[in-house]
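**Student:** Below you'll find upload_25.pdb; it's PDB, C-alpha atoms.
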```
ATOM      1  CA  LYS Z   1      20.579  26.766  30.322
ATOM      2  CA  GLY Z   2      23.877  25.331  29.196
ATOM      3  CA  LYS Z   3      22.299  22.183  27.753
ATOM      4  CA  THR Z   4      23.188  21.117  24.254
ATOM      5  CA  LYS Z   5      20.398  22.150  21.937
ATOM      6  CA  VAL Z   6      19.173  19.655  19.387
ATOM      7  CA  ARG Z   7      17.385  20.691  16.228
ATOM      8  CA  GLU Z   8      14.083  19.003  15.464
ATOM      9  CA  ARG Z   9      13.975  17.150  12.164
ATOM     10  CA  LEU Z  10      12.580  19.105   9.260
ATOM     11  CA  PRO Z  11       9.177  18.157   7.859
ATOM     12  CA  ASN Z  12       9.426  15.963   4.780
ATOM     13  CA  PRO Z  13       8.074  17.172   2.340
ATOM     14  CA  TYR Z  14       9.403  20.645   3.110
ATOM     15  CA  ARG Z  15       7.675  23.735   1.680
ATOM     16  CA  LEU Z  16      10.123  26.164   0.118
ATOM     17  CA  ALA Z  17       9.622  29.328  -1.929
ATOM     18  CA  GLY Z  18      11.410  29.692  -5.239
ATOM     19  CA  ARG Z  19      11.169  28.761  -8.888
ATOM     20  CA  ARG Z  20      11.557  25.066  -9.660
ATOM     21  CA  ASP Z  21      14.545  25.550 -11.981
ATOM     22  CA  VAL Z  22      16.383  27.532  -9.285
ATOM     23  CA  LEU Z  23      15.691  24.793  -6.733
ATOM     24  CA  VAL Z  24      16.820  22.071  -9.169
ATOM     25  CA  ASN Z  25      20.091  23.961  -9.707
ATOM     26  CA  ALA Z  26      20.546  24.287  -5.924
ATOM     27  CA  VAL Z  27      19.970  20.528  -5.560
ATOM     28  CA  ARG Z  28      22.543  19.835  -8.290
ATOM     29  CA  GLU Z  29      25.114  22.078  -6.572
ATOM     30  CA  ILE Z  30      24.602  20.360  -3.208
ATOM     31  CA  LEU Z  31      24.888  16.926  -4.800
ATOM     32  CA  ALA Z  32      28.151  18.009  -6.433
ATOM     33  CA  GLU Z  33      29.458  19.339  -3.087
ATOM     34  CA  ARG Z  34      28.601  16.033  -1.418
ATOM     35  CA  LYS Z  35      30.185  14.108  -4.328
ATOM     36  CA  LEU Z  36      26.880  12.428  -5.193
ATOM     37  CA  MET Z  37      26.360  11.616  -8.864
ATOM     38  CA  ILE Z  38      22.972  12.138 -10.533
ATOM     39  CA  ASP Z  39      21.569   9.065 -12.252
ATOM     40  CA  GLU Z  40      20.721  10.668 -15.608
ATOM     41  CA  ALA Z  41      18.708   7.648 -16.818
ATOM     42  CA  SER Z  42      16.312   7.698 -13.821
ATOM     43  CA  SER Z  43      16.107  11.464 -13.286
ATOM     44  CA  ARG Z  44      13.808  13.962 -14.978
ATOM     45  CA  LEU Z  45      15.381  17.305 -14.095
ATOM     46  CA  SER Z  46      12.808  19.366 -16.021
ATOM     47  CA  ASP Z  47      10.042  17.744 -13.915
ATOM     48  CA  GLY Z  48      11.938  18.262 -10.654
ATOM     49  CA  PHE Z  49      12.630  14.523 -10.147
ATOM     50  CA  ILE Z  50      16.245  13.730  -9.245
ATOM     51  CA  VAL Z  51      17.705  10.315  -8.397
ATOM     52  CA  THR Z  52      21.317   9.837  -7.325
ATOM     53  CA  GLN Z  53      23.570   6.914  -7.988
ATOM     54  CA  PRO Z  54      24.264   4.771  -4.903
ATOM     55  CA  TYR Z  55      26.754   6.459  -2.560
ATOM     56  CA  THR Z  56      28.841   4.206  -0.322
ATOM     57  CA  PHE Z  57      29.149   5.918   3.064
ATOM     58  CA  ALA Z  58      30.700   3.088   5.065
ATOM     59  CA  LYS Z  59      33.302   0.466   4.198
ATOM     60  CA  GLY Z  60      34.653  -2.186   6.518
ATOM     61  CA  PRO Z  61      32.955  -4.185   9.255
ATOM     62  CA  VAL Z  62      33.875  -1.835  12.116
ATOM     63  CA  LEU Z  63      32.612   1.364  10.516
ATOM     64  CA  ALA Z  64      29.706  -0.140   8.575
ATOM     65  CA  GLN Z  65      27.812  -1.364  11.653
ATOM     66  CA  SER Z  66      27.857   1.994  13.460
ATOM     67  CA  GLU Z  67      27.186   4.108  10.346
ATOM     68  CA  LEU Z  68      24.347   1.849   9.212
ATOM     69  CA  SER Z  69      22.763   2.122  12.652
ATOM     70  CA  ARG Z  70      22.730   5.942  12.205
ATOM     71  CA  TYR Z  71      21.181   5.955   8.741
ATOM     72  CA  ALA Z  72      18.907   2.905   8.991
ATOM     73  CA  VAL Z  73      16.755   0.959  11.407
ATOM     74  CA  LEU Z  74      18.705  -2.267  11.672
ATOM     75  CA  PRO Z  75      16.724  -5.470  12.073
ATOM     76  CA  PHE Z  76      17.578  -7.737  14.956
ATOM     77  CA  GLY Z  77      20.043 -10.414  14.080
ATOM     78  CA  ASP Z  78      23.745 -10.875  13.974
ATOM     79  CA  ASN Z  79      24.428  -9.667  10.452
ATOM     80  CA  ALA Z  80      28.039  -8.857   9.822
ATOM     81  CA  TRP Z  81      27.639  -5.632   7.845
ATOM     82  CA  ALA Z  82      30.569  -4.930   5.530
ATOM     83  CA  ARG Z  83      29.320  -1.827   3.668
ATOM     84  CA  GLY Z  84      26.573   0.746   3.665
ATOM     85  CA  ARG Z  85      25.221   2.885   0.842
ATOM     86  CA  TYR Z  86      22.261   5.104   0.057
ATOM     87  CA  THR Z  87      20.448   6.486  -2.950
ATOM     88  CA  LEU Z  88      18.584   9.802  -2.647
ATOM     89  CA  ILE Z  89      15.316  10.408  -4.481
ATOM     90  CA  ILE Z  90      14.456  14.111  -4.526
ATOM     91  CA  GLU Z  91      11.147  15.383  -5.862
ATOM     92  CA  ILE Z  92      10.270  19.067  -6.275
ATOM     93  CA  GLN Z  93       6.516  19.478  -6.690
ATOM     94  CA  SER Z  94       5.258  22.903  -7.646
ATOM     95  CA  ILE Z  95       2.230  24.069  -5.628
ATOM     96  CA  ASP Z  96       1.859  27.393  -7.426
ATOM     97  CA  GLY Z  97       4.311  29.640  -9.237
ATOM     98  CA  VAL Z  98       6.362  30.310  -6.106
ATOM     99  CA  GLN Z  99       5.715  27.606  -3.480
ATOM    100  CA  ASN Z 100       7.171  24.095  -3.840
ATOM    101  CA  ASN Z 101       7.033  20.902  -1.809
ATOM    102  CA  ILE Z 102      10.424  19.204  -1.695
ATOM    103  CA  SER Z 103      10.411  15.580  -0.629
ATOM    104  CA  VAL Z 104      13.570  13.564  -0.080
ATOM    105  CA  ASN Z 105      13.595   9.792   0.305
ATOM    106  CA  ALA Z 106      16.662   7.663   0.909
ATOM    107  CA  LYS Z 107      17.013   4.036  -0.074
ATOM    108  CA  ILE Z 108      19.453   2.644   2.479
ATOM    109  CA  GLU Z 109      21.247  -0.610   1.710
ATOM    110  CA  GLY Z 110      23.629  -2.691   3.750
ATOM    111  CA  ARG Z 111      25.942  -5.347   2.407
ATOM    112  CA  SER Z 112      26.176  -8.320   4.669
ATOM    113  CA  GLY Z 113      29.166 -10.562   4.368
ATOM    114  CA  ALA Z 114      27.558 -13.662   5.859
ATOM    115  CA  GLY Z 115      28.710 -16.884   4.248
ATOM    116  CA  LEU Z 116      29.803 -17.241   0.651
ATOM    117  CA  VAL Z 117      27.272 -14.791  -0.769
ATOM    118  CA  ALA Z 118      27.527 -11.065  -0.060
ATOM    119  CA  GLU Z 119      24.355  -9.252  -1.082
ATOM    120  CA  TRP Z 120      22.875  -5.795  -0.684
ATOM    121  CA  THR Z 121      19.871  -5.707   1.656
ATOM    122  CA  THR Z 122      17.422  -2.805   1.620
ATOM    123  CA  LEU Z 123      16.904  -1.371   5.108
ATOM    124  CA  GLN Z 124      14.344   1.013   6.562
ATOM    125  CA  SER Z 125      15.666   4.566   6.651
ATOM    126  CA  SER Z 126      15.973   6.334  10.003
ATOM    127  CA  GLY Z 127      15.370   9.684   8.262
ATOM    128  CA  LEU Z 128      18.861  11.049   8.961
ATOM    129  CA  ALA Z 129      20.089  11.107   5.345
ATOM    130  CA  GLU Z 130      16.906  12.879   4.235
ATOM    131  CA  ASP Z 131      17.118  15.438   7.057
ATOM    132  CA  GLU Z 132      20.811  16.185   6.402
ATOM    133  CA  PHE Z 133      20.100  16.860   2.727
ATOM    134  CA  LEU Z 134      16.993  18.982   3.394
ATOM    135  CA  LYS Z 135      18.884  21.043   5.986
ATOM    136  CA  GLN Z 136      21.692  21.739   3.536
ATOM    137  CA  LEU Z 137      19.209  22.646   0.767
ATOM    138  CA  VAL Z 138      17.186  25.017   2.965
ATOM    139  CA  GLU Z 139      20.355  26.723   4.218
ATOM    140  CA  LYS Z 140      21.635  27.140   0.640
ATOM    141  CA  VAL Z 141      18.360  28.580  -0.691
ATOM    142  CA  THR Z 142      17.456  30.811   2.276
ATOM    143  CA  GLY Z 143      20.973  31.713   3.422
ATOM    144  CA  THR Z 144      20.136  31.158   7.109
ATOM    145  CA  SER Z 145      21.470  28.472   9.412
ATOM    146  CA  LEU Z 146      18.971  26.043  10.917
ATOM    147  CA  ASP Z 147      21.266  24.959  13.753
ATOM    148  CA  PRO Z 148      20.080  26.019  17.212
ATOM    149  CA  VAL Z 149      22.102  28.667  19.009
ATOM    150  CA  GLN Z 150      23.672  27.522  22.258
ATOM    151  CA  ASP Z 151      22.818  29.457  25.430
ATOM    152  CA  VAL Z 152      25.970  30.888  26.948
ATOM    153  CA  GLU Z 153      26.000  32.367  30.408
ATOM    154  CA  LYS Z 154      27.292  35.910  30.413
ATOM    155  CA  PRO Z 155      30.174  36.596  32.778
ATOM    156  CA  VAL Z 156      29.261  38.762  35.713
ATOM    157  CA  ASP Z 157      31.343  41.935  36.042
ATOM    158  CA  LYS Z 158      32.847  42.242  39.496
ATOM    159  CA  PRO Z 159      33.090  45.764  40.951
TER     160      PRO Z 159
END
```
Show me, as C-alpha coordinates, the structure contained in the file I just sent.
**Tutor:**
Amino acid sequence: KGKTKVRERLPNPYRLAGRRDVLVNAVREILAERKLMIDEASSRLSDGFIVTQPYTFAKGPVLAQSELSRYAVLPFGDNAWARGRYTLIIEIQSIDGVQNNISVNAKIEGRSGAGLVAEWTTLQSSGLAEDEFLKQLVEKVTGTSLDPVQDVEKPVDKP
(Lines of atoms letter the chains of each structure in order from A and count residues from 1; the text may use other names and numbers.)
(Lines give C-alpha, C1' and ligand atoms only; values in the text may rest on other atoms or scores of the structure.)
Protein backbone atom coordinates (compact mmCIF):
# COMPACT_ATOMS: atom_id res chain seq x y z
CA LYS A 1 0.00 0.00 0.00
CA GLY A 2 1.14 3.52 -0.74
CA LYS A 3 3.78 2.40 -3.24
CA THR A 4 3.91 4.03 -6.63
CA LYS A 5 2.28 1.74 -9.14
CA VAL A 6 4.00 1.17 -12.44
CA ARG A 7 2.16 0.02 -15.53
CA GLU A 8 3.55 -2.98 -17.37
CA ARG A 9 4.48 -2.33 -20.98
CA LEU A 10 1.81 -3.18 -23.51
CA PRO A 11 2.32 -6.18 -25.79
CA ASN A 12 3.64 -5.21 -29.21
CA PRO A 13 1.82 -6.08 -31.48
CA TYR A 14 -1.31 -5.09 -29.58
CA ARG A 15 -4.69 -6.61 -30.50
CA LEU A 16 -7.41 -4.00 -30.84
CA ALA A 17 -11.01 -4.20 -32.06
CA GLY A 18 -12.19 -1.79 -34.72
CA ARG A 19 -12.25 -1.24 -38.45
CA ARG A 20 -8.87 -0.54 -40.05
CA ASP A 21 -9.90 2.83 -41.49
CA VAL A 22 -11.09 4.00 -38.05
CA LEU A 23 -7.79 2.91 -36.49
CA VAL A 24 -5.78 4.63 -39.25
CA ASN A 25 -7.70 7.86 -38.59
CA ALA A 26 -7.03 7.51 -34.84
CA VAL A 27 -3.31 7.03 -35.59
CA ARG A 28 -3.32 10.13 -37.80
CA GLU A 29 -5.00 12.20 -35.07
CA ILE A 30 -2.48 11.08 -32.44
CA LEU A 31 0.43 11.83 -34.77
CA ALA A 32 -1.00 15.31 -35.35
CA GLU A 33 -1.39 15.85 -31.58
CA ARG A 34 2.22 14.81 -31.03
CA LYS A 35 3.34 17.03 -33.94
CA LEU A 36 4.70 14.05 -35.88
CA MET A 37 4.52 14.33 -39.66
CA ILE A 38 3.54 11.33 -41.81
CA ASP A 39 6.04 10.44 -44.51
CA GLU A 40 3.61 10.24 -47.44
CA ALA A 41 6.18 8.64 -49.78
CA SER A 42 6.88 5.68 -47.44
CA SER A 43 3.38 5.21 -46.01
CA ARG A 44 0.50 3.21 -47.45
CA LEU A 45 -2.48 4.43 -45.43
CA SER A 46 -5.01 2.22 -47.25
CA ASP A 47 -2.93 -0.85 -46.26
CA GLY A 48 -2.56 0.32 -42.65
CA PHE A 49 1.19 1.04 -42.99
CA ILE A 50 2.24 4.43 -41.59
CA VAL A 51 5.78 5.82 -41.36
CA THR A 52 6.57 9.15 -39.72
CA GLN A 53 9.25 11.61 -40.62
CA PRO A 54 12.13 11.75 -38.12
CA TYR A 55 11.14 13.63 -34.95
CA THR A 56 13.93 15.31 -32.98
CA PHE A 57 13.16 14.84 -29.29
CA ALA A 58 16.43 16.07 -27.80
CA LYS A 59 18.77 18.90 -28.75
CA GLY A 60 21.96 19.85 -26.96
CA PRO A 61 24.57 17.71 -25.24
CA VAL A 62 23.06 17.93 -21.75
CA LEU A 63 19.54 16.89 -22.70
CA ALA A 64 20.45 14.51 -25.53
CA GLN A 65 22.40 12.07 -23.33
CA SER A 66 19.63 11.61 -20.75
CA GLU A 67 16.77 11.50 -23.29
CA LEU A 68 18.62 9.05 -25.53
CA SER A 69 19.23 6.79 -22.55
CA ARG A 70 15.43 6.69 -22.00
CA TYR A 71 14.49 5.88 -25.58
CA ALA A 72 17.47 3.74 -26.61
CA VAL A 73 19.95 1.22 -25.28
CA LEU A 74 23.16 3.20 -25.45
CA PRO A 75 26.33 1.32 -26.31
CA PHE A 76 29.28 1.65 -23.99
CA GLY A 77 31.67 4.36 -24.99
CA ASP A 78 32.14 8.02 -24.44
CA ASN A 79 30.06 9.36 -27.31
CA ALA A 80 29.17 12.98 -26.94
CA TRP A 81 25.53 12.87 -28.06
CA ALA A 82 24.29 16.18 -29.45
CA ARG A 83 20.80 15.21 -30.67
CA GLY A 84 18.27 12.41 -30.59
CA ARG A 85 15.46 11.58 -32.98
CA TYR A 86 13.07 8.76 -33.77
CA THR A 87 10.93 7.54 -36.63
CA LEU A 88 7.78 5.52 -35.88
CA ILE A 89 6.68 2.68 -38.14
CA ILE A 90 3.08 1.69 -37.41
CA GLU A 91 1.46 -1.32 -39.04
CA ILE A 92 -2.22 -2.25 -38.66
CA GLN A 93 -2.77 -5.85 -39.74
CA SER A 94 -6.35 -7.03 -40.02
CA ILE A 95 -6.99 -10.45 -38.45
CA ASP A 96 -10.67 -10.58 -39.37
CA GLY A 97 -13.28 -7.91 -39.99
CA VAL A 98 -13.08 -6.57 -36.43
CA GLN A 99 -9.80 -7.63 -34.79
CA ASN A 100 -6.48 -5.99 -35.72
CA ASN A 101 -2.87 -6.41 -34.66
CA ILE A 102 -1.16 -3.04 -34.28
CA SER A 103 2.62 -3.12 -34.20
CA VAL A 104 4.75 -0.06 -33.54
CA ASN A 105 8.49 0.04 -34.14
CA ALA A 106 10.75 3.00 -33.48
CA LYS A 107 14.00 3.70 -35.27
CA ILE A 108 16.04 5.62 -32.71
CA GLU A 109 19.00 7.66 -33.89
CA GLY A 110 21.57 9.66 -32.00
CA ARG A 111 23.82 12.31 -33.47
CA SER A 112 27.28 12.20 -32.05
CA GLY A 113 29.41 15.28 -32.29
CA ALA A 114 32.77 13.53 -32.01
CA GLY A 115 35.48 15.12 -34.12
CA LEU A 116 34.90 16.94 -37.38
CA VAL A 117 32.13 14.65 -38.62
CA ALA A 118 28.72 14.60 -36.94
CA GLU A 119 26.66 11.64 -38.10
CA TRP A 120 23.41 9.96 -37.14
CA THR A 121 23.89 6.54 -35.54
CA THR A 122 21.05 4.03 -35.34
CA LEU A 123 20.56 2.75 -31.79
CA GLN A 124 18.60 -0.15 -30.34
CA SER A 125 15.22 0.98 -29.07
CA SER A 126 14.38 0.52 -25.39
CA GLY A 127 10.69 0.15 -26.29
CA LEU A 128 9.60 3.36 -24.55
CA ALA A 129 8.62 5.30 -27.69
CA GLU A 130 6.58 2.34 -28.95
CA ASP A 131 4.84 1.86 -25.59
CA GLU A 132 4.00 5.58 -25.24
CA PHE A 133 2.39 5.61 -28.68
CA LEU A 134 0.47 2.34 -28.16
CA LYS A 135 -0.82 3.58 -24.79
CA GLN A 136 -2.09 6.80 -26.33
CA LEU A 137 -3.72 4.90 -29.23
CA VAL A 138 -5.47 2.37 -26.97
CA GLU A 139 -6.75 5.14 -24.69
CA LYS A 140 -8.06 7.11 -27.69
CA VAL A 141 -9.84 4.12 -29.26
CA THR A 142 -11.24 2.53 -26.08
CA GLY A 143 -11.76 5.70 -24.03
CA THR A 144 -10.28 4.15 -20.87
CA SER A 145 -7.07 5.09 -19.11
CA LEU A 146 -4.37 2.44 -18.83
CA ASP A 147 -2.55 4.15 -15.95
CA PRO A 148 -2.69 2.23 -12.67
CA VAL A 149 -4.76 3.73 -9.87
CA GLN A 150 -2.78 4.65 -6.77
CA ASP A 151 -3.84 3.08 -3.46
CA VAL A 152 -4.78 5.79 -1.00
CA GLU A 153 -5.31 5.05 2.65
CA LYS A 154 -8.71 6.17 3.84
CA PRO A 155 -8.72 8.47 6.85
CA VAL A 156 -10.06 6.88 9.98
CA ASP A 157 -13.01 8.72 11.54
CA LYS A 158 -12.39 9.47 15.20
CA PRO A 159 -15.41 9.26 17.52
**Student:** I would like the residues chosen by the PyMOL selection byres ((chain Z and resi 57-72) around 8) on the shown file; could you give them as a list in words?
**Tutor:** Tyr55, Thr56, Val73, Leu74, Ala80, Trp81, Ala82, Arg83, Gly84, Arg85, Tyr86, Ile108, Gly110, Leu123, Gln124, Ser125, Ser126, Gly127, Leu128 and Ala129 of chain Z
**Student:** Nearest to Ala106 in chain Z among Z:Gln53, Z:Thr142, Z:Gln93, Z:Thr87, with distances taken over only C-alpha atoms: which residue is it?
**Tutor:**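 Closest to Ala106 in chain Z of all the choices is Z:Thr87.
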**Student:** Taking all atoms listed in the file into account, name the residue in Z:Lys107, Z:Arg28, Z:Lys135, Z:Arg34 that is nearest to Trp120 in chain Z.
**Tutor:**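 Result for the nearest residue to Trp120 in chain Z: Z:Lys107.
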**Student:** Using Å and a single decimal, report how far CA of Gln136 in chain Z sits from CA of Ala26 in chain Z.
**Tutor:**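 Calculated distance between CA of Ala26 in chain Z and CA of Gln136 in chain Z is 9.9 Å.
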**Student:** What is the CA of Glu91 in chain Z-CA of Ser145 in chain Z distance in Å, reported with one decimal?
**Tutor:**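 Going from CA of Glu91 in chain Z over to CA of Ser145 in chain Z covers 22.6 Å.
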**Student:** Mind giving me the axis-aligned box for range 105-112 of chain Z with 6 Å on every side, centre plus edges in Å to one decimal, as AutoDock Vina command-line options?
**Tutor:**
```
--center_x 19.9 --center_y 0.7 --center_z 2.3 --size_x 24.6 --size_y 30.1 --size_z 16.7
```
**Student:** Run the PyMOL selection byres ((chain Z and resi 100) around 12) mentally over the shown coordinates, then write out the matched residues as a short mmCIF file (atom, residue, chain, number, x, y, z; two decimals) with C-alpha atoms, in the frame of the given file, using the chain letters and numbers from the document.
**Tutor:**
```
data_model
loop_
_atom_site.label_atom_id
_atom_site.label_comp_id
_atom_site.auth_asym_id
_atom_site.auth_seq_id
_atom_site.Cartn_x
_atom_site.Cartn_y
_atom_site.Cartn_z
CA PRO Z 13 8.07 17.17 2.34
CA TYR Z 14 9.40 20.64 3.11
CA ARG Z 15 7.68 23.74 1.68
CA LEU Z 16 10.12 26.16 0.12
CA ALA Z 17 9.62 29.33 -1.93
CA GLY Z 18 11.41 29.69 -5.24
CA ARG Z 19 11.17 28.76 -8.89
CA ARG Z 20 11.56 25.07 -9.66
CA ASP Z 21 14.54 25.55 -11.98
CA VAL Z 22 16.38 27.53 -9.28
CA LEU Z 23 15.69 24.79 -6.73
CA VAL Z 24 16.82 22.07 -9.17
CA GLY Z 48 11.94 18.26 -10.65
CA GLU Z 91 11.15 15.38 -5.86
CA ILE Z 92 10.27 19.07 -6.28
CA GLN Z 93 6.52 19.48 -6.69
CA SER Z 94 5.26 22.90 -7.65
CA ILE Z 95 2.23 24.07 -5.63
CA ASP Z 96 1.86 27.39 -7.43
CA GLY Z 97 4.31 29.64 -9.24
CA VAL Z 98 6.36 30.31 -6.11
CA GLN Z 99 5.72 27.61 -3.48
CA ASN Z 101 7.03 20.90 -1.81
CA ILE Z 102 10.42 19.20 -1.70
CA SER Z 103 10.41 15.58 -0.63
#
```
**Student:** (19.3, 12.7, -11.8) in this file's frame - what residues fall within 9 Å of it? Use all atoms listed in the file and give the answer as a ChimeraX atom specification.
**Tutor:** /Z:28,37-45,49-53,89-90
**Student:** Quick check, in Å to one decimal: how far apart do CA of Pro11 in chain Z and CA of Asp47 in chain Z lie?
**Tutor:** 21.8 Å
**Student:** Looking at Z:Pro54, Z:Asn25, Z:Ser46, Z:Gly143, which one is nearest to Glu109 in chain Z, with distances taken over all atoms listed in the file?
**Tutor:**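 The closest residue to Glu109 in chain Z is Z:Pro54.
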**Student:** When you count all atoms listed in the file, which of these residues is closest to Glu130 in chain Z: Z:Leu88, Z:Asn79, Z:Arg7, Z:Leu146?
**Tutor:**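 Comparing Z:Leu88, Z:Asn79, Z:Arg7, Z:Leu146 against Glu130 in chain Z, the winner is Z:Leu88.
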**Student:** Hey, which of Z:Ser112, Z:Val104, Z:Leu10, Z:Thr121 ends up closest to Val27 in chain Z? Count all atoms listed in the file.
**Tutor:**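 Going through Z:Ser112, Z:Val104, Z:Leu10, Z:Thr121 one by one, the smallest distance to Val27 in chain Z is for Z:Val104.
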